[in-house]
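Asker: Supplied structure: upload.csv, CSV, C-alpha atoms and all ligand atoms.
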chain,number,residue,atom,x,y,z
A,7,MET,CA,186.2,193.9,121.5
A,8,ALA,CA,187.4,197.4,122.4
A,9,GLU,CA,190.5,196.8,120.2
A,10,LYS,CA,188.2,196.3,117.2
A,11,LYS,CA,186.8,199.7,117.8
A,12,GLY,CA,190.3,201.2,117.6
A,13,VAL,CA,191.2,201.2,121.3
A,14,ASN,CA,194.9,200.8,121.8
A,15,PHE,CA,195.8,199.4,125.2
A,16,VAL,CA,199.4,199.9,126.3
A,17,PRO,CA,200.3,197.5,129.1
A,18,SER,CA,203.2,197.7,131.6
A,19,THR,CA,203.3,201.4,131.1
A,20,THR,CA,203.1,204.1,133.8
A,21,VAL,CA,202.2,207.7,133.2
A,22,VAL,CA,204.7,209.5,135.4
A,23,ASP,CA,204.1,213.2,134.5
A,24,MET,CA,201.6,215.4,132.8
A,25,LYS,CA,202.5,218.8,131.5
A,26,VAL,CA,199.7,221.4,131.8
A,27,ALA,CA,199.9,224.8,130.2
A,28,ILE,CA,198.1,227.6,132.0
A,29,LYS,CA,196.8,230.6,130.1
A,30,GLY,CA,194.6,232.8,132.2
A,31,ASN,CA,192.0,230.5,133.6
A,32,ASP,CA,192.5,227.9,130.9
A,33,LYS,CA,194.4,224.7,131.7
A,34,THR,CA,195.5,222.5,128.8
A,35,VAL,CA,197.5,219.2,128.9
A,36,THR,CA,200.3,219.5,126.4
A,37,ALA,CA,202.3,216.3,127.1
A,38,LEU,CA,202.4,213.0,129.0
A,39,THR,CA,205.6,211.4,130.2
A,40,ILE,CA,205.3,207.6,130.2
A,41,GLU,CA,207.6,205.0,131.6
A,42,SER,CA,208.0,201.5,130.2
A,43,GLU,CA,210.7,198.9,131.0
A,44,GLY,CA,212.7,201.7,132.9
A,45,LYS,CA,212.7,204.0,129.9
A,46,GLN,CA,210.8,207.3,129.8
A,47,ARG,CA,209.2,208.9,126.7
A,48,VAL,CA,207.3,212.1,126.2
A,49,ILE,CA,204.0,211.9,124.2
A,50,PRO,CA,202.8,215.3,123.0
A,51,VAL,CA,199.1,216.0,123.5
A,52,ALA,CA,197.4,218.2,121.0
A,53,LYS,CA,194.8,220.7,122.0
A,54,LYS,CA,192.1,218.5,120.4
A,55,ASP,CA,193.2,215.4,122.2
A,56,LEU,CA,191.4,214.5,125.4
A,57,VAL,CA,193.0,213.1,128.5
A,58,PHE,CA,190.9,211.1,131.1
A,59,PHE,CA,192.9,210.5,134.2
A,60,THR,CA,191.9,208.1,137.1
A,61,ASN,CA,193.6,210.3,139.8
A,62,GLY,CA,193.6,207.7,142.6
A,63,SER,CA,193.2,203.9,143.1
A,64,MET,CA,192.1,202.1,146.2
A,65,THR,CA,194.4,199.2,145.2
A,66,GLN,CA,197.5,201.3,144.6
A,67,ASN,CA,200.7,199.8,146.1
A,68,SER,CA,198.9,196.6,147.2
A,69,THR,CA,201.2,193.7,148.1
A,70,GLN,CA,200.7,190.0,148.3
A,71,GLY,CA,201.9,187.5,151.0
A,72,SER,CA,201.6,183.8,150.8
A,73,MET,CA,200.5,180.8,152.9
A,74,THR,CA,203.6,181.2,155.0
A,75,THR,CA,204.4,185.0,154.8
A,76,PRO,CA,202.3,188.1,155.6
A,77,ALA,CA,201.7,190.8,153.0
A,78,VAL,CA,204.1,193.7,153.8
A,79,MET,CA,202.8,197.2,153.7
A,80,ASN,CA,204.3,199.2,150.8
A,81,ARG,CA,205.0,202.7,152.4
A,82,SER,CA,206.6,204.3,149.4
A,83,VAL,CA,205.7,207.9,149.1
A,84,ASP,CA,207.3,208.7,145.8
A,85,LYS,CA,206.2,205.6,143.8
A,86,ARG,CA,202.4,205.6,144.2
A,87,GLY,CA,201.2,205.3,140.6
A,88,CYS,CA,198.2,207.5,139.9
A,89,PHE,CA,198.5,209.2,143.4
A,90,SER,CA,202.0,210.3,142.5
A,91,LEU,CA,200.8,211.7,139.2
A,92,TRP,CA,197.9,213.4,141.0
A,93,GLU,CA,200.3,215.0,143.5
A,94,LYS,CA,202.3,216.5,140.5
A,95,LEU,CA,199.1,217.8,139.0
A,96,ALA,CA,197.8,219.3,142.2
A,97,LYS,CA,200.9,221.5,142.4
A,98,VAL,CA,199.9,223.1,139.0
A,99,SER,CA,196.6,224.5,140.3
A,100,PRO,CA,194.3,224.3,143.3
A,101,VAL,CA,191.5,223.2,141.0
A,102,PHE,CA,193.1,219.8,140.9
A,103,GLY,CA,192.5,219.1,144.6
A,104,ASN,CA,194.5,217.9,147.5
A,105,PRO,CA,195.7,214.3,147.2
A,106,GLU,CA,197.6,214.3,150.5
A,107,LYS,CA,194.3,214.3,152.3
A,108,PHE,CA,193.8,210.7,151.0
A,109,THR,CA,197.3,209.4,151.0
A,110,LEU,CA,198.8,210.8,154.3
A,111,ASN,CA,197.9,208.0,156.6
A,112,PRO,CA,198.0,204.5,155.2
A,113,ASP,CA,197.8,203.0,158.7
A,114,ALA,CA,194.3,204.5,158.9
A,115,SER,CA,193.3,203.7,155.3
A,116,SER,CA,194.5,200.2,155.0
A,117,TRP,CA,193.2,196.7,155.6
A,118,VAL,CA,194.1,193.2,154.7
A,119,SER,CA,192.1,191.1,152.3
A,120,TYR,CA,192.7,187.6,151.1
A,121,THR,CA,191.7,185.0,148.6
A,122,ALA,CA,191.4,181.3,149.5
A,123,THR,CA,191.7,178.6,146.8
A,124,ILE,CA,190.4,175.2,147.9
A,125,THR,CA,191.3,172.1,146.0
A,126,ASP,CA,189.5,168.8,146.5
A,127,TYR,CA,187.6,169.9,149.6
A,128,PRO,CA,184.0,170.7,148.7
A,129,GLN,CA,183.0,170.1,152.4
A,130,PHE,CA,184.0,173.7,153.3
A,131,PHE,CA,181.5,175.4,151.1
A,132,LYS,CA,178.8,172.9,152.2
A,133,TYR,CA,179.6,173.7,155.8
A,134,ILE,CA,179.3,177.4,155.3
A,135,GLU,CA,176.0,177.0,153.6
A,136,LYS,CA,174.7,174.8,156.4
A,137,LYS,CA,175.9,177.1,159.2
A,138,THR,CA,174.7,180.4,157.7
A,139,GLY,CA,171.8,179.4,155.6
A,140,ASN,CA,173.3,181.4,152.7
A,141,VAL,CA,173.3,179.5,149.5
A,142,THR,CA,176.6,180.0,147.7
A,143,GLY,CA,176.5,183.0,145.4
A,144,THR,CA,173.2,184.4,146.7
A,145,ALA,CA,174.2,186.4,149.7
A,146,GLY,CA,176.5,189.4,150.3
A,147,VAL,CA,179.3,189.2,152.8
A,148,ILE,CA,179.1,187.0,155.9
A,149,THR,CA,180.5,188.9,158.8
A,150,MET,CA,181.8,187.5,162.1
A,151,THR,CA,180.6,190.4,164.1
A,152,ASP,CA,182.4,189.3,167.3
A,153,SER,CA,185.7,188.9,165.6
A,154,ASN,CA,188.5,191.3,166.7
A,155,TRP,CA,189.6,191.7,163.1
A,156,PHE,CA,186.0,192.3,162.1
A,157,LYS,CA,186.3,189.5,159.6
A,158,SER,CA,184.0,188.8,156.7
A,159,ILE,CA,183.9,186.2,154.0
A,160,ASN,CA,182.2,186.2,150.6
A,161,MET,CA,181.3,182.9,148.9
A,162,PRO,CA,180.7,183.7,145.2
A,163,ILE,CA,179.0,181.5,142.7
A,164,GLN,CA,181.3,178.7,141.5
A,165,PRO,CA,183.0,178.5,139.1
A,166,LEU,CA,184.0,182.2,139.5
A,167,TYR,CA,186.6,182.1,136.8
A,168,PRO,CA,186.1,180.8,133.2
A,169,LYS,CA,188.6,178.0,133.3
A,170,GLN,CA,188.2,177.1,137.0
A,171,PRO,CA,188.5,173.3,137.4
A,172,LYS,CA,185.5,171.5,138.9
A,173,ASN,CA,187.5,170.3,142.0
A,174,VAL,CA,188.6,173.9,142.8
A,175,GLN,CA,186.6,176.5,144.7
A,176,VAL,CA,187.5,180.1,145.6
A,177,PHE,CA,186.3,182.6,148.1
A,178,TRP,CA,187.3,186.0,149.3
A,179,GLY,CA,187.7,187.4,152.9
A,180,TYR,CA,188.9,190.5,154.7
A,181,GLY,CA,189.3,192.1,158.1
A,182,LEU,CA,188.3,195.7,158.5
A,183,HIS,CA,190.1,196.0,161.8
A,184,SER,CA,193.4,194.5,160.6
A,185,ASN,CA,195.5,196.2,163.2
A,186,GLU,CA,193.7,194.6,166.1
A,187,ILE,CA,195.0,191.4,167.9
A,188,GLY,CA,193.2,188.3,166.7
A,189,ASP,CA,191.0,186.2,169.0
A,190,TYR,CA,192.9,183.0,168.4
A,191,ILE,CA,196.0,184.1,166.6
A,192,LYS,CA,197.4,186.7,169.0
A,193,LYS,CA,198.7,189.1,166.4
A,194,PRO,CA,197.3,191.8,164.2
A,195,MET,CA,196.0,190.5,160.8
A,196,THR,CA,198.6,192.7,159.1
A,197,GLU,CA,201.3,190.5,160.4
A,198,CYS,CA,199.7,187.2,159.6
A,199,SER,CA,200.5,184.6,156.9
A,200,GLY,CA,197.8,182.8,155.0
A,201,GLU,CA,198.0,179.9,157.4
A,202,GLU,CA,197.4,182.1,160.4
A,203,ILE,CA,194.5,183.9,158.7
A,204,LEU,CA,193.0,180.4,157.9
A,205,GLN,CA,193.3,179.3,161.6
A,206,GLU,CA,191.7,182.5,162.9
A,207,LEU,CA,188.8,182.0,160.4
A,208,LEU,CA,188.4,178.3,161.4
A,209,TYR,CA,188.3,179.4,165.0
A,210,HIS,CA,185.4,181.7,164.4
A,211,LEU,CA,183.6,179.0,162.3
A,212,ASN,CA,184.1,176.5,165.1
A,213,LEU,CA,186.1,174.3,162.7
A,214,LEU,CA,189.6,174.6,164.3
A,215,ASP,CA,189.7,170.8,165.0
A,216,LYS,CA,189.7,170.3,161.2
A,217,TYR,CA,192.6,172.6,160.5
A,218,LYS,CA,195.2,169.8,160.0
A,219,GLU,CA,192.8,168.0,157.6
A,220,MET,CA,192.1,171.2,155.7
A,221,ARG,CA,195.5,172.8,155.5
A,222,PRO,CA,196.8,170.8,152.5
A,223,HIS,CA,193.7,171.8,150.5
A,224,PHE,CA,193.9,175.5,151.1
A,225,ASN,CA,196.0,178.2,149.6
A,226,VAL,CA,195.3,181.5,151.3
A,227,ILE,CA,197.0,184.6,149.9
A,228,PRO,CA,196.9,187.8,152.0
A,229,VAL,CA,196.9,191.1,150.3
A,230,MET,CA,197.8,194.4,152.1
A,231,MET,CA,196.0,197.4,150.5
A,232,PRO,CA,197.4,200.6,152.0
A,233,TYR,CA,194.8,202.9,150.4
A,234,ILE,CA,191.7,200.7,150.3
A,235,THR,CA,189.5,203.1,152.3
A,236,SER,CA,191.5,206.3,151.5
A,237,GLN,CA,188.3,207.7,149.8
A,238,PHE,CA,186.7,207.9,153.2
A,239,MET,CA,189.5,209.8,154.9
A,240,PRO,CA,188.5,213.2,156.4
A,241,ARG,CA,188.5,215.9,153.7
A,242,GLY,CA,187.2,219.3,152.8
A,243,LEU,CA,185.0,220.3,149.9
A,244,LYS,CA,187.7,221.2,147.4
A,245,ASP,CA,190.0,218.3,148.3
A,246,ARG,CA,188.5,216.1,145.5
A,247,PRO,CA,188.6,217.9,142.1
A,248,GLU,CA,185.6,218.4,139.9
A,249,ILE,CA,185.3,215.8,137.0
A,250,ILE,CA,186.1,218.7,134.7
A,251,PRO,CA,188.0,221.1,136.8
A,252,ASP,CA,187.4,224.8,136.3
A,253,GLY,CA,189.1,226.0,133.1
A,254,SER,CA,190.2,222.5,132.0
A,255,ARG,CA,190.1,222.4,128.2
A,256,ASN,CA,191.2,218.8,127.5
A,257,LEU,CA,191.5,217.0,130.8
A,258,ALA,CA,188.9,215.2,132.9
A,259,LEU,CA,189.4,213.3,136.1
A,260,ILE,CA,187.5,210.1,136.8
A,261,GLY,CA,187.2,207.4,139.4
A,262,GLN,CA,186.8,207.4,143.2
A,263,PHE,CA,188.6,210.6,144.0
A,264,VAL,CA,186.5,213.3,142.2
A,265,GLU,CA,183.5,215.3,143.4
A,266,LEU,CA,180.2,213.6,142.5
A,267,GLU,CA,177.4,215.0,144.6
A,268,GLY,CA,175.1,212.5,146.2
A,269,ASP,CA,177.0,209.4,145.0
A,270,VAL,CA,178.7,206.8,147.2
A,271,VAL,CA,182.4,206.1,146.9
A,272,PHE,CA,183.9,202.5,146.8
A,273,THR,CA,181.5,201.4,144.2
A,274,VAL,CA,182.1,200.4,140.6
A,275,GLU,CA,179.1,202.5,139.7
A,276,THR,CA,180.8,205.7,140.9
A,277,SER,CA,183.8,205.1,138.7
A,278,ILE,CA,181.6,204.3,135.7
A,279,ARG,CA,179.3,207.3,136.4
A,280,THR,CA,182.3,209.7,136.6
A,281,ALA,CA,183.7,208.3,133.3
A,282,MET,CA,180.3,208.7,131.6
A,283,ILE,CA,180.0,212.3,132.8
A,284,ALA,CA,183.6,213.0,131.7
A,285,VAL,CA,183.2,211.6,128.2
A,286,TYR,CA,179.7,212.9,127.6
A,287,ARG,CA,180.6,216.4,128.6
A,288,MET,CA,184.0,216.5,127.0
A,289,LEU,CA,182.5,215.3,123.7
A,290,GLU,CA,179.3,217.2,124.1
A,291,LEU,CA,177.3,214.0,123.6
A,292,ASP,CA,173.6,214.3,123.6
A,293,LYS,CA,173.2,211.2,125.8
A,294,PRO,CA,171.5,210.8,129.2
A,295,ILE,CA,173.2,209.9,132.4
A,296,THR,CA,170.8,207.9,134.6
A,297,PRO,CA,170.0,210.0,137.7
A,298,LEU,CA,171.3,208.7,141.1
A,299,PHE,CA,168.9,206.5,143.0
A,300,GLU,CA,168.1,208.6,146.0
A,301,ALA,CA,167.3,205.9,148.5
A,302,HIS,CA,167.4,208.3,151.5
A,303,PHE,CA,164.2,209.9,150.3
A,304,ASP,CA,162.4,206.6,149.9
A,305,ILE,CA,159.9,206.2,152.8
A,306,ARG,CA,160.5,202.4,152.8
A,307,VAL,CA,164.3,202.9,153.4
A,308,ILE,CA,163.6,205.5,156.1
A,309,MET,CA,161.2,203.1,157.8
A,310,ALA,CA,163.7,200.3,157.7
A,311,CYS,CA,166.4,202.5,159.1
A,312,LEU,CA,164.2,203.8,161.9
A,313,LYS,CA,163.1,200.3,162.9
A,314,LYS,CA,166.7,199.2,162.9
A,315,LEU,CA,167.8,202.1,165.0
A,316,LEU,CA,165.0,201.7,167.5
A,317,GLY,CA,165.4,197.9,167.5
A,318,VAL,CA,161.7,197.2,166.8
A,319,GLU,CA,159.7,195.1,164.3
A,320,ASN,CA,156.8,197.6,164.3
A,321,LEU,CA,156.7,201.2,165.0
A,322,THR,CA,154.4,202.1,168.0
A,323,MET,CA,154.0,205.1,170.2
A,324,GLU,CA,155.9,203.3,172.9
A,325,SER,CA,158.9,202.6,170.7
A,326,ILE,CA,159.5,206.3,170.0
A,327,PRO,CA,161.8,207.8,172.6
A,328,GLU,CA,160.1,210.2,175.0
A,329,GLU,CA,162.6,212.9,174.2
A,330,ALA,CA,161.6,212.7,170.6
A,331,MET,CA,157.9,213.0,171.5
A,332,ALA,CA,158.6,215.8,173.9
A,333,THR,CA,160.2,218.0,171.3
A,334,PHE,CA,157.9,216.9,168.4
A,335,ASP,CA,156.8,220.0,166.4
A,336,ILE,CA,154.5,219.7,163.4
A,337,ASN,CA,156.0,222.9,161.9
A,338,MET,CA,159.4,221.4,162.1
A,339,LEU,CA,158.1,218.2,160.4
A,340,LEU,CA,156.6,220.3,157.6
A,341,MET,CA,159.8,222.2,157.1
A,342,VAL,CA,161.7,218.9,156.8
A,343,LEU,CA,159.2,217.5,154.3
A,344,ASN,CA,159.5,220.6,152.2
A,345,THR,CA,163.2,220.2,151.9
A,346,ILE,CA,162.8,216.8,150.1
A,347,PRO,CA,163.8,217.6,146.5
A,348,LYS,CA,161.5,217.0,143.5
A,349,LEU,CA,161.8,213.7,141.6
A,350,PRO,CA,164.8,214.0,139.3
A,351,ILE,CA,164.2,214.5,135.6
A,352,TYR,CA,165.5,211.5,133.6
A,353,TYR,CA,167.6,213.7,131.4
A,354,PRO,CA,169.2,216.3,133.8
A,355,GLU,CA,172.6,216.2,132.0
A,356,MET,CA,171.3,217.3,128.6
A,357,GLU,CA,172.0,221.0,129.1
A,358,GLU,CA,175.2,220.3,131.1
A,359,ASN,CA,176.7,218.2,128.4
A,360,LYS,CA,176.2,220.9,125.9
A,361,LYS,CA,178.4,223.4,127.7
A,362,ASP,CA,181.3,224.4,125.6
A,363,ARG,CA,184.5,223.3,127.3
A,364,ARG,CA,186.7,222.2,124.5
A,365,ILE,CA,188.9,224.3,122.4
A,366,LYS,CA,187.4,224.4,118.9
A,367,GLN,CA,190.0,223.8,116.2
B,401,LIG,C1,188.8,193.8,147.5
B,401,LIG,C2,187.8,194.8,146.9
B,401,LIG,C3,186.4,194.6,146.9
B,401,LIG,C4,185.5,195.4,146.3
B,401,LIG,N1,184.2,195.1,146.3
B,401,LIG,C5,183.3,195.9,145.6
B,401,LIG,C6,181.9,195.6,145.5
B,401,LIG,O1,181.5,194.6,146.0
B,401,LIG,N2,181.1,196.5,144.8
B,401,LIG,C7,181.6,197.6,144.2
B,401,LIG,O2,180.9,198.3,143.6
B,401,LIG,N3,182.9,197.9,144.3
B,401,LIG,C8,183.8,197.1,144.9
B,401,LIG,N4,185.1,197.4,145.0
B,401,LIG,C9,185.6,198.7,144.5
B,401,LIG,C10,185.8,198.7,143.0
B,401,LIG,O3,186.5,197.6,142.6
B,401,LIG,C11,186.5,200.0,142.6
B,401,LIG,O4,185.7,201.1,143.1
B,401,LIG,C12,186.7,200.2,141.1
B,401,LIG,O5,187.3,199.1,140.6
B,401,LIG,C13,187.6,201.4,140.9
B,401,LIG,O6,187.7,201.6,139.5
B,401,LIG,P1,188.6,202.7,138.9
B,401,LIG,O7,188.6,202.5,137.4
B,401,LIG,O8,188.2,204.0,139.4
B,401,LIG,O9,190.1,202.5,139.5
B,401,LIG,P2,191.0,201.2,139.4
B,401,LIG,O10,190.3,200.0,139.1
B,401,LIG,O11,191.8,201.2,140.7
B,401,LIG,O12,192.0,201.5,138.2
B,401,LIG,C14,193.0,202.4,138.2
B,401,LIG,C15,194.0,201.9,137.1
B,401,LIG,O13,195.0,202.8,136.9
B,401,LIG,C16,196.3,202.1,136.8
B,401,LIG,N5,197.3,203.1,137.1
B,401,LIG,C17,197.6,203.6,138.4
B,401,LIG,N6,198.6,204.5,138.2
B,401,LIG,C18,198.9,204.6,136.9
B,401,LIG,C19,199.8,205.4,136.2
B,401,LIG,N7,200.6,206.3,136.8
B,401,LIG,N8,199.9,205.3,134.8
B,401,LIG,C20,199.1,204.4,134.2
B,401,LIG,N9,198.1,203.6,134.9
B,401,LIG,C21,198.1,203.7,136.2
B,401,LIG,C22,196.2,201.0,137.7
B,401,LIG,O14,197.1,200.0,137.4
B,401,LIG,C23,194.7,200.6,137.6
B,401,LIG,O15,194.6,199.6,136.5
B,401,LIG,C24,186.0,196.6,145.6
B,401,LIG,C25,187.4,196.8,145.6
B,401,LIG,C26,188.3,195.9,146.2
B,401,LIG,C27,189.8,196.2,146.1
Before we go any further, please render this structure as structure tokens.

Answerer:
Amino acid sequence: MAEKKGVNFVPSTTVVDMKVAIKGNDKTVTALTIESEGKQRVIPVAKKDLVFFTNGSMTQNSTQGSMTTPAVMNRSVDKRGCFSLWEKLAKVSPVFGNPEKFTLNPDASSWVSYTATITDYPQFFKYIEKKTGNVTGTAGVITMTDSNWFKSINMPIQPLYPKQPKNVQVFWGYGLHSNEIGDYIKKPMTECSGEEILQELLYHLNLLDKYKEMRPHFNVIPVMMPYITSQFMPRGLKDRPEIIPDGSRNLALIGQFVELEGDVVFTVETSIRTAMIAVYRMLELDKPITPLFEAHFDIRVIMACLKKLLGVENLTMESIPEEAMATFDINMLLMVLNTIPKLPIYYPEMEENKKDRRIKQ
């Protein structure tokens, strides 16, 4: 569909360098170096052209294992796709941020995920439904909270893929603590093959006695993602660049590694919102960007969190800790209430989008 509107997708091609001319405070992209089938080519970028760059990816350098082999961590520091390009850009000007804050420690930002493809064994999905009460496709992740790997599985609606055969089911799982030793398989998840991950899962589901029966029906593919939580690494305020960095004339940065006040990283919404902001502002479009949903100011959310924290069904005087009551101060409460911002206007971006950033030809 996008092709019909003139979009030209160029597959199997990596942008390896971006030339940026600096004139005073102005920063203008003048060329892109692209690599395809081992050959490099320079594409000139005119002043009126716009460049939108996803300057980081949580799946960068992911690797796959198999039923019999683990997924091996890719520790390359010079071939990291968009991170490598961001590193080059960051050397041009501090306004482009500090990528190393996010890429320095893959051991801390990685975890293992896996997909399971089940053929001719519908009993498994039925068992999960019975055990958890979650009808397939209706719940979020199912977490085995006492698992050392902190394992979760997600049973999506079937078929998940357009041409998925009727006798095939797929689900997805992961372990947030992939470096810990398993409860049944005495190894870190990072060192485990698909077979071992399956055994550990069946152990937690109390299905280990069925492993031999199930094994021929399962294909479990582990995936090692070195940067999957790199967005959450400790950082300072300027480490993520602005969507349109100061002085940028034809370059906008989009995705998970740009500043977007109030939004939550890891979500598709964030990437889409950053792209919307980038396009609307660069093209000075008179189009609204839906304000963020500020759930933390919603009294229902605050109550739910408070009850969860206190471990109570209903809030009573007894459930409030004595220390909180002893230091209760009505003036303090009023001060806090007055810091709650006004309801956002539906169209807050209108003025912002009009700002003249581009070079007029
Ligand atoms: C296992 C998993 C589960 C998730 N679950 C959820 C969920 O439940 N809900 C949710 O909201 N989000 C979820 N996410 C997150 C969501 O998928 C991402 O936030 C989103 O896809 C990021 O989109 P993006 O366009 O910013 O980056 P990406 O999708 O990472 O796209 C970056 C693209 O740039 C390409 N690229 C990299 N380097 C270069 C280069 N040098 N030249 C050219 N191209 C390059 C890459 O190949 C890639 O296609 C999940 C992610 C994963 C991995």

Asker: Using only C-alpha atoms and all ligand atoms, find each residue in chain A having at least one atom no more than 8 Å away from ligand LIG 401 (chain B); report its shortest atom-to-atom pair and that distance in Å (one decimal), rows by chain then rising number, as a tab-separated table.

Answerer:
residue	atom	partner	partner_atom	distance
A:Thr19	CA	B:LIG401	C20	6.0
A:Thr20	CA	B:LIG401	N8	3.6
A:Val21	CA	B:LIG401	N8	3.7
A:Val22	CA	B:LIG401	N7	5.4
A:Ile40	CA	B:LIG401	N8	7.5
A:Thr60	CA	B:LIG401	C14	5.9
A:Asn61	CA	B:LIG401	N6	7.8
A:Gly62	CA	B:LIG401	C14	6.9
A:Ser63	CA	B:LIG401	O11	3.9
A:Met64	CA	B:LIG401	O11	5.6
A:Thr65	CA	B:LIG401	C27	5.6
A:Gln66	CA	B:LIG401	C17	6.6
A:Arg86	CA	B:LIG401	N6	7.2
A:Gly87	CA	B:LIG401	N6	3.6
A:Cys88	CA	B:LIG401	N6	3.5
A:Phe89	CA	B:LIG401	N6	7.0
A:Ser90	CA	B:LIG401	N7	7.1
A:Leu91	CA	B:LIG401	N7	5.9
A:Ser119	CA	B:LIG401	C1	6.4
A:Tyr180	CA	B:LIG401	C1	7.9
A:Met231	CA	B:LIG401	C27	7.7
A:Ile234	CA	B:LIG401	C27	6.4
A:Ile260	CA	B:LIG401	O8	6.7
A:Gly261	CA	B:LIG401	O8	3.5
A:Gln262	CA	B:LIG401	O8	5.3
A:Val271	CA	B:LIG401	O4	7.1
A:Phe272	CA	B:LIG401	O4	4.3
A:Thr273	CA	B:LIG401	O2	3.2
A:Val274	CA	B:LIG401	O2	3.9
A:Glu275	CA	B:LIG401	O2	6.0
A:Thr276	CA	B:LIG401	O4	7.1
A:Ser277	CA	B:LIG401	O8	4.6
A:Ile278	CA	B:LIG401	O7	7.4

Asker: If you measure from atom CA of Ser99 of chain A to atom CA of Val285 of chain A, what distance in Å do you get, rounded to one decimal?

Answerer: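 Going from atom CA of Ser99 of chain A over to atom CA of Val285 of chain A, I get 22.2 Å.
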
Asker: Which residues are close to segment 196-199 of chain A, i.e. within 10 Å by only C-alpha atoms, leaving aside same-chain residues fewer than 6 positions away? Reply as a list in words.

Answerer: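 Here the qualifying residues turn out to be Gly71, Ser72, Met73, Thr74, Thr75, Pro76, Ala77, Val78, Met79, Ser116, Trp117, Val118, Ser119, Trp155, Gly181, His183, Ser184, Asn185, Glu186, Ile187, Gly188, Glu206, Val226, Ile227, Pro228, Val229 and Met230 of chain A.
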
Asker: Show me the residues around (175.0, 186.7, 153.2) - criterion: an atom at most 12 Å away, only C-alpha atoms counted - as a PDB file with C-alpha atoms, keeping the file's coordinate frame.

Answerer:
ATOM      1  CA  ILE A 134     179.300 177.400 155.300  1.00  0.00           C
ATOM      2  CA  GLU A 135     176.000 177.000 153.600  1.00  0.00           C
ATOM      3  CA  LYS A 137     175.900 177.100 159.200  1.00  0.00           C
ATOM      4  CA  THR A 138     174.700 180.400 157.700  1.00  0.00           C
ATOM      5  CA  GLY A 139     171.800 179.400 155.600  1.00  0.00           C
ATOM      6  CA  ASN A 140     173.300 181.400 152.700  1.00  0.00           C
ATOM      7  CA  VAL A 141     173.300 179.500 149.500  1.00  0.00           C
ATOM      8  CA  THR A 142     176.600 180.000 147.700  1.00  0.00           C
ATOM      9  CA  GLY A 143     176.500 183.000 145.400  1.00  0.00           C
ATOM     10  CA  THR A 144     173.200 184.400 146.700  1.00  0.00           C
ATOM     11  CA  ALA A 145     174.200 186.400 149.700  1.00  0.00           C
ATOM     12  CA  GLY A 146     176.500 189.400 150.300  1.00  0.00           C
ATOM     13  CA  VAL A 147     179.300 189.200 152.800  1.00  0.00           C
ATOM     14  CA  ILE A 148     179.100 187.000 155.900  1.00  0.00           C
ATOM     15  CA  THR A 149     180.500 188.900 158.800  1.00  0.00           C
ATOM     16  CA  MET A 150     181.800 187.500 162.100  1.00  0.00           C
ATOM     17  CA  SER A 158     184.000 188.800 156.700  1.00  0.00           C
ATOM     18  CA  ILE A 159     183.900 186.200 154.000  1.00  0.00           C
ATOM     19  CA  ASN A 160     182.200 186.200 150.600  1.00  0.00           C
ATOM     20  CA  MET A 161     181.300 182.900 148.900  1.00  0.00           C
ATOM     21  CA  PRO A 162     180.700 183.700 145.200  1.00  0.00           C
TER      22      PRO A 162
END

Asker: Compare A:Ala332, A:Val13, A:Leu56, A:Met282 by their minimum atom-to-atom distance to Ser254 of chain A, counting all atoms listed in the file, and give me the closest one.

Answerer: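 Closest to Ser254 of chain A of all the choices is A:Leu56.
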
Asker: Go ahead and compute the interatomic distance for atom CA of Asp304 of chain A and atom CA of Thr280 of chain A, in Å to one decimal.

Answerer: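 Distance between the two atoms: 24.1 Å.
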
Asker: Have a look at A:Pro165, A:Pro222, A:Gly179, A:Gly103 and name the one nearest to Glu248 of chain A; count only C-alpha atoms.

Answerer: A:Gly103

Asker: Between atom CA of Glu9 of chain A and atom CA of Thr296 of chain A, measure the distance and give it in Å to one decimal.

Answerer: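 These two atoms are separated by 26.8 Å.
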
Asker: Identify which of the residues A:Tyr209, A:Tyr120, A:Leu259, A:Gln175 lies closest to Lys132 of chain A, counting only C-alpha atoms when measuring atom-to-atom distances.

Answerer: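 Distance minimum relative to Lys132 of chain A lands on A:Gln175.
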
Asker: So which one's closest to Leu211 of chain A, A:Tyr133, A:Val264, A:Leu298, A:Glu328? Using all atoms listed in the file, please.

Answerer: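 That would be A:Tyr133, the residue with the smallest distance to Leu211 of chain A.
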
Asker: Between A:Lys193, A:Lys25, A:Arg81, A:Arg287, which has the minimum distance to Ile49 of chain A (counting only C-alpha atoms)?

Answerer: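 Between A:Lys193, A:Lys25, A:Arg81, A:Arg287, the residue approaching Ile49 of chain A most closely is A:Lys25.
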
Asker: Give me the residues near Glu300 of chain A as an mmCIF file with C-alpha atoms, in the frame of the given file, where near means some atom within 12 Å (using only C-alpha atoms) and where sequence neighbours in that chain fewer than 5 positions away do not count.

Answerer:
data_model
loop_
_atom_site.group_PDB
_atom_site.id
_atom_site.type_symbol
_atom_site.label_atom_id
_atom_site.label_comp_id
_atom_site.auth_asym_id
_atom_site.auth_seq_id
_atom_site.Cartn_x
_atom_site.Cartn_y
_atom_site.Cartn_z
ATOM 1 C CA GLU A 267 177.400 215.000 144.600
ATOM 2 C CA GLY A 268 175.100 212.500 146.200
ATOM 3 C CA ASP A 269 177.000 209.400 145.000
ATOM 4 C CA VAL A 270 178.700 206.800 147.200
ATOM 5 C CA ILE A 305 159.900 206.200 152.800
ATOM 6 C CA ARG A 306 160.500 202.400 152.800
ATOM 7 C CA VAL A 307 164.300 202.900 153.400
ATOM 8 C CA ILE A 308 163.600 205.500 156.100
ATOM 9 C CA ILE A 346 162.800 216.800 150.100
ATOM 10 C CA PRO A 347 163.800 217.600 146.500
ATOM 11 C CA LYS A 348 161.500 217.000 143.500
ATOM 12 C CA LEU A 349 161.800 213.700 141.600
ATOM 13 C CA PRO A 350 164.800 214.000 139.300
#
